Structures are given as structure tokens and as C-alpha cells.
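This report concerns only the one structure given below.
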Amino acid sequence: MAYFPFYMDIAGKRGVILGGGRVAAGKIAALLPFAPQLVCIAPVICDEIERLAETGTEEPGSLRLISRRAKEADLEGAFFVIAATDSPETNAWAAKLCREKGILINAVDDRKNCSFYFPALVKRGSVVVGISTGGCSPAAASWLRRKAERMVPEEMGAAVERLGELRDRVKESVPQAEERAELLKRLFSFCGERNFQVTDGELEELLETLLQERGKG
């Protein structure tokens, strides 16, 4: 069954990562740029996770490490839990508790114990492409992610954020929805034609021109 891809703001939300190995490290690295408050709990925590905790100040999110086995109390107040241990019993234990407490749970490589799937991600600033196969084929999701990485330029994120800053001004200046949509489309097309390498000044100038043309029309 396919899962609907809701996009959520997880900034400041408590996320519990169970497991201290390579898989857990990959999940943590993907999550930190979205600014959650992560807690990683495992008897043994790998060097990669240790490094992520040490350099965590470079990312918007935070990461705290607890070197022991997880307890039920560790899940209290969590918005989501990722069970990435090498013990199916521990992962199933976490999934059962999360279902009882209404906490979102992703049990790695255990579809029946997931209430959400962790997508393959391509992130360019505010532009985020999430790819899921409903847990059926991580290899297919990885293949699609590599395709998307080539399709979405690094510069696109900054350009889209600039467009977002201009959007409120357009909404104030152009009350008609269809006309507003066309103007925003032209601004985006301008960025695309330049492979998204544009400056604030160029977009401001184009917006002024488009608004003047509208006034004359």
C-alpha cells in the first residue's frame, strides 16, 4: 500500500533514535538539517554518530547521546521514534510502545512495525524531494534519489527562497489569483532559464517590470 507523503515541520520536535550503528547514523545525518531535537540511545554508539554530536552546532538541529539500553521512559514526549537497532525484539518492543502511546514509529527493515516510512531525500534549501516505495524496495528509492540529485541544481534552493520572499509582495500587489499565478510562474521561469543562478536585484528588477506592465495593461 502506498503512503501519502505529508511534509511536516519537525523543528524543535523530540525525536528518539534507538541504535548506535551505521544505519542510525544515516538517519541522524538526514534529520539534523530539519532542526529536530534528537536523542540517540544505544549501549554502543559508533564514531560517526559521535562526530555528528560533536559537530552538531553546525546544523540547525541538536543531538544528545545516551550510552545504555533504552527504557520505556525514554520514549515519553517523543514526536517520532526510529528503531534502528540490530535487535528485531528491541525494534518490535519500541513499535508496540509507540502504537500504544500514539507516537510515530519507523522500525528499520520491518514494514509491519512502521507507522511512517523514512524517505530517500534530496534537499536543496527549502526544496525537498522525498522518495518512498512504501518500504518495498529501498534500492529503487536510492536509484530515484540519485536521478533527482542530478535533476535538481544546488542553486535552486536559494533561488526558490528568494521567490518566496517576493511572494507576499506579489500577493499584495496582484489580488486576482490567476494573474498572480501567471506572474509567479514568469519569475520562476526567469530563474530556470538562468539555471537558478540569479541575484535578489535581478528578481526585484523583473518584478518591478512585470508590475509596471500589468499597470499599463
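Chain labels follow the order of the C-alpha cells: the first chain is A, the next B, and so on; residue numbering restarts at 1 in every chain, and ligands are counted from 1 in their shown order.
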
Can you tell me which residues surround A:Ser126 at a distance of at most 10 Å, considering only C-alpha atoms, apart from same-chain residues fewer than 3 positions away, and format the answer as a list of chain:residue names?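 Here the answer would be A:Lys123, A:Val129, A:Met156, A:Gly157, A:Ala158, A:Ala159, A:Val160, A:Glu161, A:Gly164.
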
Give me, as a PyMOL selection string, the residues of stretch 5-188 of chain A that a backbone DSSP run labels alpha helix (DSSP H). chain A and resi 22-31+47-54+88-101+138-151+156-173+177-188

Find the spatial neighbours of A:Asn106, counting only C-alpha atoms, within a cut-off of 7 Å - ignore same-chain residues fewer than 5 positions away - and output them as a list of chain:residue names.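 What passes the distance filter is A:Val81, A:Ile82, A:Ala83, A:Cys114, A:Ser115, A:Phe116, A:Tyr117.
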
Dump C-alpha atoms for the selected residues as a JSON list (two decimals), in the first residue's frame?
```json
[["chain", "number", "residue", "atom", "x", "y", "z"],
["A", 81, "VAL", "CA", 10.93, 7.30, 17.10],
["A", 82, "ILE", "CA", 13.28, 5.50, 14.73],
["A", 83, "ALA", "CA", 14.15, 1.97, 15.82],
["A", 114, "CYS", "CA", 6.20, 1.20, 10.80],
["A", 115, "SER", "CA", 3.61, 3.94, 11.05],
["A", 116, "PHE", "CA", 5.73, 6.06, 8.68],
["A", 117, "TYR", "CA", 8.49, 5.37, 6.19]]
```

For stretch 100-208 of chain A against stretch 23-31 of chain A, with a cut-off of 12 Å and counting only C-alpha atoms, what is the closest atom pair and its distance in Å to one decimal for every residue that makes the cut, ordered by chain and number, as a Markdown table?
```
| residue | atom | partner | partner_atom | distance |
| --- | --- | --- | --- | --- |
| A:Asn106 | CA | A:Lys27 | CA | 10.6 |
| A:Ala107 | CA | A:Ala24 | CA | 10.9 |
| A:Val108 | CA | A:Val23 | CA | 8.5 |
| A:Asp109 | CA | A:Val23 | CA | 10.5 |
| A:Tyr117 | CA | A:Lys27 | CA | 11.6 |
| A:Phe118 | CA | A:Lys27 | CA | 8.3 |
| A:Pro119 | CA | A:Ala30 | CA | 9.8 |
| A:Ala120 | CA | A:Ala30 | CA | 9.1 |
| A:Leu121 | CA | A:Ala30 | CA | 7.8 |
| A:Val122 | CA | A:Ala30 | CA | 9.6 |
| A:Lys123 | CA | A:Ala30 | CA | 9.4 |
| A:Val128 | CA | A:Ala30 | CA | 11.6 |
| A:Gly130 | CA | A:Ala30 | CA | 11.5 |
```

Selection from above, N, CA, C and O atoms, as an mmCIF file, in the first residue's frame, can you write it?
```cif
data_model
loop_
_atom_site.group_PDB
_atom_site.id
_atom_site.type_symbol
_atom_site.label_atom_id
_atom_site.label_comp_id
_atom_site.auth_asym_id
_atom_site.auth_seq_id
_atom_site.Cartn_x
_atom_site.Cartn_y
_atom_site.Cartn_z
ATOM 1 N N ASN A 106 9.204 4.467 13.039
ATOM 2 C CA ASN A 106 9.803 3.828 11.875
ATOM 3 C C ASN A 106 10.759 2.760 12.387
ATOM 4 O O ASN A 106 11.763 3.077 13.025
ATOM 5 N N ALA A 107 10.414 1.513 12.164
ATOM 6 C CA ALA A 107 11.285 0.400 12.517
ATOM 7 C C ALA A 107 12.004 -0.035 11.255
ATOM 8 O O ALA A 107 11.375 -0.517 10.305
ATOM 9 N N VAL A 108 13.308 0.156 11.234
ATOM 10 C CA VAL A 108 14.091 -0.066 10.017
ATOM 11 C C VAL A 108 13.990 -1.523 9.568
ATOM 12 O O VAL A 108 14.137 -2.455 10.369
ATOM 13 N N ASP A 109 13.720 -1.715 8.280
ATOM 14 C CA ASP A 109 13.609 -3.045 7.666
ATOM 15 C C ASP A 109 12.528 -3.908 8.309
ATOM 16 O O ASP A 109 12.642 -5.133 8.369
ATOM 17 N N TYR A 117 7.264 5.798 6.842
ATOM 18 C CA TYR A 117 8.493 5.366 6.190
ATOM 19 C C TYR A 117 9.448 6.545 6.067
ATOM 20 O O TYR A 117 9.029 7.688 5.876
ATOM 21 N N PHE A 118 10.718 6.251 6.174
ATOM 22 C CA PHE A 118 11.757 7.276 6.061
ATOM 23 C C PHE A 118 12.129 7.387 4.585
ATOM 24 O O PHE A 118 12.649 6.438 4.001
ATOM 25 N N PRO A 119 11.886 8.533 3.950
ATOM 26 C CA PRO A 119 12.111 8.624 2.504
ATOM 27 C C PRO A 119 13.578 8.794 2.145
ATOM 28 O O PRO A 119 14.397 9.226 2.968
ATOM 29 N N ALA A 120 13.909 8.462 0.915
ATOM 30 C CA ALA A 120 15.181 8.888 0.343
ATOM 31 C C ALA A 120 15.028 10.367 0.009
ATOM 32 O O ALA A 120 14.026 10.778 -0.588
ATOM 33 N N LEU A 121 16.001 11.184 0.409
ATOM 34 C CA LEU A 121 15.841 12.634 0.350
ATOM 35 C C LEU A 121 16.841 13.303 -0.579
ATOM 36 O O LEU A 121 18.003 12.902 -0.652
ATOM 37 N N VAL A 122 16.359 14.351 -1.255
ATOM 38 C CA VAL A 122 17.218 15.304 -1.942
ATOM 39 C C VAL A 122 16.816 16.676 -1.409
ATOM 40 O O VAL A 122 15.658 17.074 -1.540
ATOM 41 N N LYS A 123 17.756 17.388 -0.782
ATOM 42 C CA LYS A 123 17.441 18.683 -0.162
ATOM 43 C C LYS A 123 18.300 19.772 -0.776
ATOM 44 O O LYS A 123 19.523 19.678 -0.811
ATOM 45 N N VAL A 128 12.693 20.236 -1.125
ATOM 46 C CA VAL A 128 12.953 18.896 -0.604
ATOM 47 C C VAL A 128 12.177 17.895 -1.447
ATOM 48 O O VAL A 128 10.957 17.986 -1.582
ATOM 49 N N GLY A 130 11.210 14.014 -1.550
ATOM 50 C CA GLY A 130 11.176 12.798 -0.762
ATOM 51 C C GLY A 130 10.665 11.648 -1.613
ATOM 52 O O GLY A 130 9.666 11.789 -2.323
#
```

In Å and to one decimal, atom CA of A:Glu213 is distant from atom CA of A:Ser173 by 12.7 Å

Assign secondary structure with DSSP using the backbone only, and return the residues of stretch 5-214 of chain A in strand (DSSP E) as an MDAnalysis selection string. chainID A and resid 14:18 37:41 62:66 80:83 104:107 120:124 127:131

Work out how far atom CA of A:Leu104 is from atom CA of A:Phe79, in Å to one decimal.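 So the two atoms, atom CA of A:Phe79 and atom CA of A:Leu104, lie 6.5 Å apart.
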
List the spatial neighbours of stretch 89-94 of chain A as a PyMOL selection string - criterion: any atom at most 9 Å away, only C-alpha atoms, same-chain residues fewer than 3 positions off excluded. chain A and resi 18+70+72+75+81-86+97-99+105+107-108+110+113

Selection to disk with N, CA, C and O atoms, as a JSON list (two decimals), in the first residue's frame:
```
[["chain", "number", "residue", "atom", "x", "y", "z"],
["A", 18, "LEU", "N", 16.81, 4.89, 18.30],
["A", 18, "LEU", "CA", 17.28, 3.71, 19.02],
["A", 18, "LEU", "C", 18.27, 2.97, 18.14],
["A", 18, "LEU", "O", 17.92, 2.55, 17.03],
["A", 70, "ALA", "N", 17.71, 1.33, 25.90],
["A", 70, "ALA", "CA", 16.56, 2.21, 26.02],
["A", 70, "ALA", "C", 15.56, 1.67, 27.04],
["A", 70, "ALA", "O", 15.43, 0.46, 27.23],
["A", 72, "GLU", "N", 11.40, 2.43, 28.68],
["A", 72, "GLU", "CA", 10.10, 2.96, 28.26],
["A", 72, "GLU", "C", 10.02, 4.47, 28.47],
["A", 72, "GLU", "O", 9.48, 5.20, 27.63],
["A", 75, "LEU", "N", 10.89, 7.14, 25.72],
["A", 75, "LEU", "CA", 10.01, 7.47, 24.61],
["A", 75, "LEU", "C", 8.97, 8.54, 24.96],
["A", 75, "LEU", "O", 8.30, 9.06, 24.07],
["A", 81, "VAL", "N", 9.87, 8.22, 16.67],
["A", 81, "VAL", "CA", 10.93, 7.30, 17.10],
["A", 81, "VAL", "C", 11.40, 6.54, 15.87],
["A", 81, "VAL", "O", 10.60, 6.13, 15.03],
["A", 82, "ILE", "N", 12.71, 6.36, 15.76],
["A", 82, "ILE", "CA", 13.28, 5.50, 14.73],
["A", 82, "ILE", "C", 14.02, 4.36, 15.43],
["A", 82, "ILE", "O", 14.97, 4.60, 16.18],
["A", 83, "ALA", "N", 13.53, 3.16, 15.23],
["A", 83, "ALA", "CA", 14.15, 1.97, 15.82],
["A", 83, "ALA", "C", 15.11, 1.38, 14.81],
["A", 83, "ALA", "O", 14.69, 0.74, 13.84],
["A", 84, "ALA", "N", 16.40, 1.59, 15.02],
["A", 84, "ALA", "CA", 17.43, 1.16, 14.06],
["A", 84, "ALA", "C", 18.46, 0.29, 14.77],
["A", 84, "ALA", "O", 19.66, 0.37, 14.47],
["A", 85, "THR", "N", 18.02, -0.53, 15.70],
["A", 85, "THR", "CA", 18.95, -1.43, 16.38],
["A", 85, "THR", "C", 19.14, -2.70, 15.56],
["A", 85, "THR", "O", 18.40, -2.94, 14.59],
["A", 86, "ASP", "N", 20.10, -3.52, 15.96],
["A", 86, "ASP", "CA", 20.30, -4.81, 15.28],
["A", 86, "ASP", "C", 19.51, -5.92, 15.96],
["A", 86, "ASP", "O", 19.73, -7.10, 15.67],
["A", 97, "LEU", "N", 5.22, -0.02, 21.93],
["A", 97, "LEU", "CA", 5.04, 1.10, 22.85],
["A", 97, "LEU", "C", 4.57, 2.35, 22.11],
["A", 97, "LEU", "O", 3.68, 3.07, 22.59],
["A", 98, "CYS", "N", 5.15, 2.60, 20.95],
["A", 98, "CYS", "CA", 4.78, 3.79, 20.18],
["A", 98, "CYS", "C", 3.33, 3.73, 19.72],
["A", 98, "CYS", "O", 2.61, 4.73, 19.75],
["A", 99, "ARG", "N", 2.88, 2.56, 19.29],
["A", 99, "ARG", "CA", 1.48, 2.42, 18.89],
["A", 99, "ARG", "C", 0.55, 2.70, 20.08],
["A", 99, "ARG", "O", -0.48, 3.36, 19.93],
["A", 105, "ILE", "N", 6.34, 5.93, 14.49],
["A", 105, "ILE", "CA", 7.45, 4.98, 14.61],
["A", 105, "ILE", "C", 7.89, 4.48, 13.24],
["A", 105, "ILE", "O", 7.06, 4.13, 12.39],
["A", 107, "ALA", "N", 10.41, 1.51, 12.16],
["A", 107, "ALA", "CA", 11.29, 0.40, 12.52],
["A", 107, "ALA", "C", 12.00, -0.03, 11.25],
["A", 107, "ALA", "O", 11.38, -0.52, 10.30],
["A", 108, "VAL", "N", 13.31, 0.16, 11.23],
["A", 108, "VAL", "CA", 14.09, -0.07, 10.02],
["A", 108, "VAL", "C", 13.99, -1.52, 9.57],
["A", 108, "VAL", "O", 14.14, -2.45, 10.37],
["A", 110, "ASP", "N", 11.47, -3.26, 8.79],
["A", 110, "ASP", "CA", 10.37, -4.00, 9.44],
["A", 110, "ASP", "C", 9.07, -3.29, 9.10],
["A", 110, "ASP", "O", 8.53, -2.53, 9.90],
["A", 113, "ASN", "N", 5.95, -2.95, 11.39],
["A", 113, "ASN", "CA", 6.08, -2.16, 12.61],
["A", 113, "ASN", "C", 6.35, -0.69, 12.34],
["A", 113, "ASN", "O", 6.86, 0.02, 13.21]]
```

Which is closer to A:Arg124 than all the others in A:Ala141, A:Ile103, A:Val152, A:Cys136, using only C-alpha atoms?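 Under the stated criterion, the closest residue is A:Val152.
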
Counting only C-alpha atoms, which residue out of A:Val127, A:Ala78, A:Ile41, A:Pro36 sits closest to A:Ala148?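 Smallest separation from A:Ala148 among the options: A:Val127.
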
Please provide as a tab-separated table (two decimals) with N, CA, C and O atoms, in the first residue's frame all residues within 7 Å of A:Pro43, with the sequence filter that same-chain residues fewer than 5 positions apart are discarded (counting only C-alpha atoms).
```
chain	number	residue	atom	x	y	z
A	67	SER	N	24.37	6.48	26.33
A	67	SER	CA	25.03	5.19	26.10
A	67	SER	C	24.51	4.13	27.09
A	67	SER	O	25.14	3.84	28.11
A	68	ARG	N	23.36	3.57	26.76
A	68	ARG	CA	22.76	2.47	27.52
A	68	ARG	C	21.59	1.92	26.73
A	68	ARG	O	21.22	2.47	25.69
A	69	ARG	N	20.99	0.86	27.25
A	69	ARG	CA	19.78	0.33	26.62
A	69	ARG	C	18.61	1.28	26.86
A	69	ARG	O	18.54	1.94	27.88
```

Name all residues at most 8 Å from A:Gln37 (count only C-alpha atoms; drop same-chain ones fewer than 3 positions away) and give them as an mmCIF file with C-alpha atoms, in the first residue's frame.
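Ended up saving to part36.cif:
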```cif
data_model
loop_
_atom_site.group_PDB
_atom_site.id
_atom_site.type_symbol
_atom_site.label_atom_id
_atom_site.label_comp_id
_atom_site.auth_asym_id
_atom_site.auth_seq_id
_atom_site.Cartn_x
_atom_site.Cartn_y
_atom_site.Cartn_z
ATOM 1 C CA ALA A 11 11.914 21.867 14.028
ATOM 2 C CA GLY A 12 12.173 21.586 17.798
ATOM 3 C CA LYS A 13 10.327 18.265 17.870
ATOM 4 C CA ARG A 14 11.773 15.476 20.032
ATOM 5 C CA GLY A 15 12.974 12.516 18.000
ATOM 6 C CA GLY A 61 19.107 20.560 14.956
ATOM 7 C CA SER A 62 20.561 19.147 18.166
ATOM 8 C CA LEU A 63 21.769 15.672 19.088
#
```
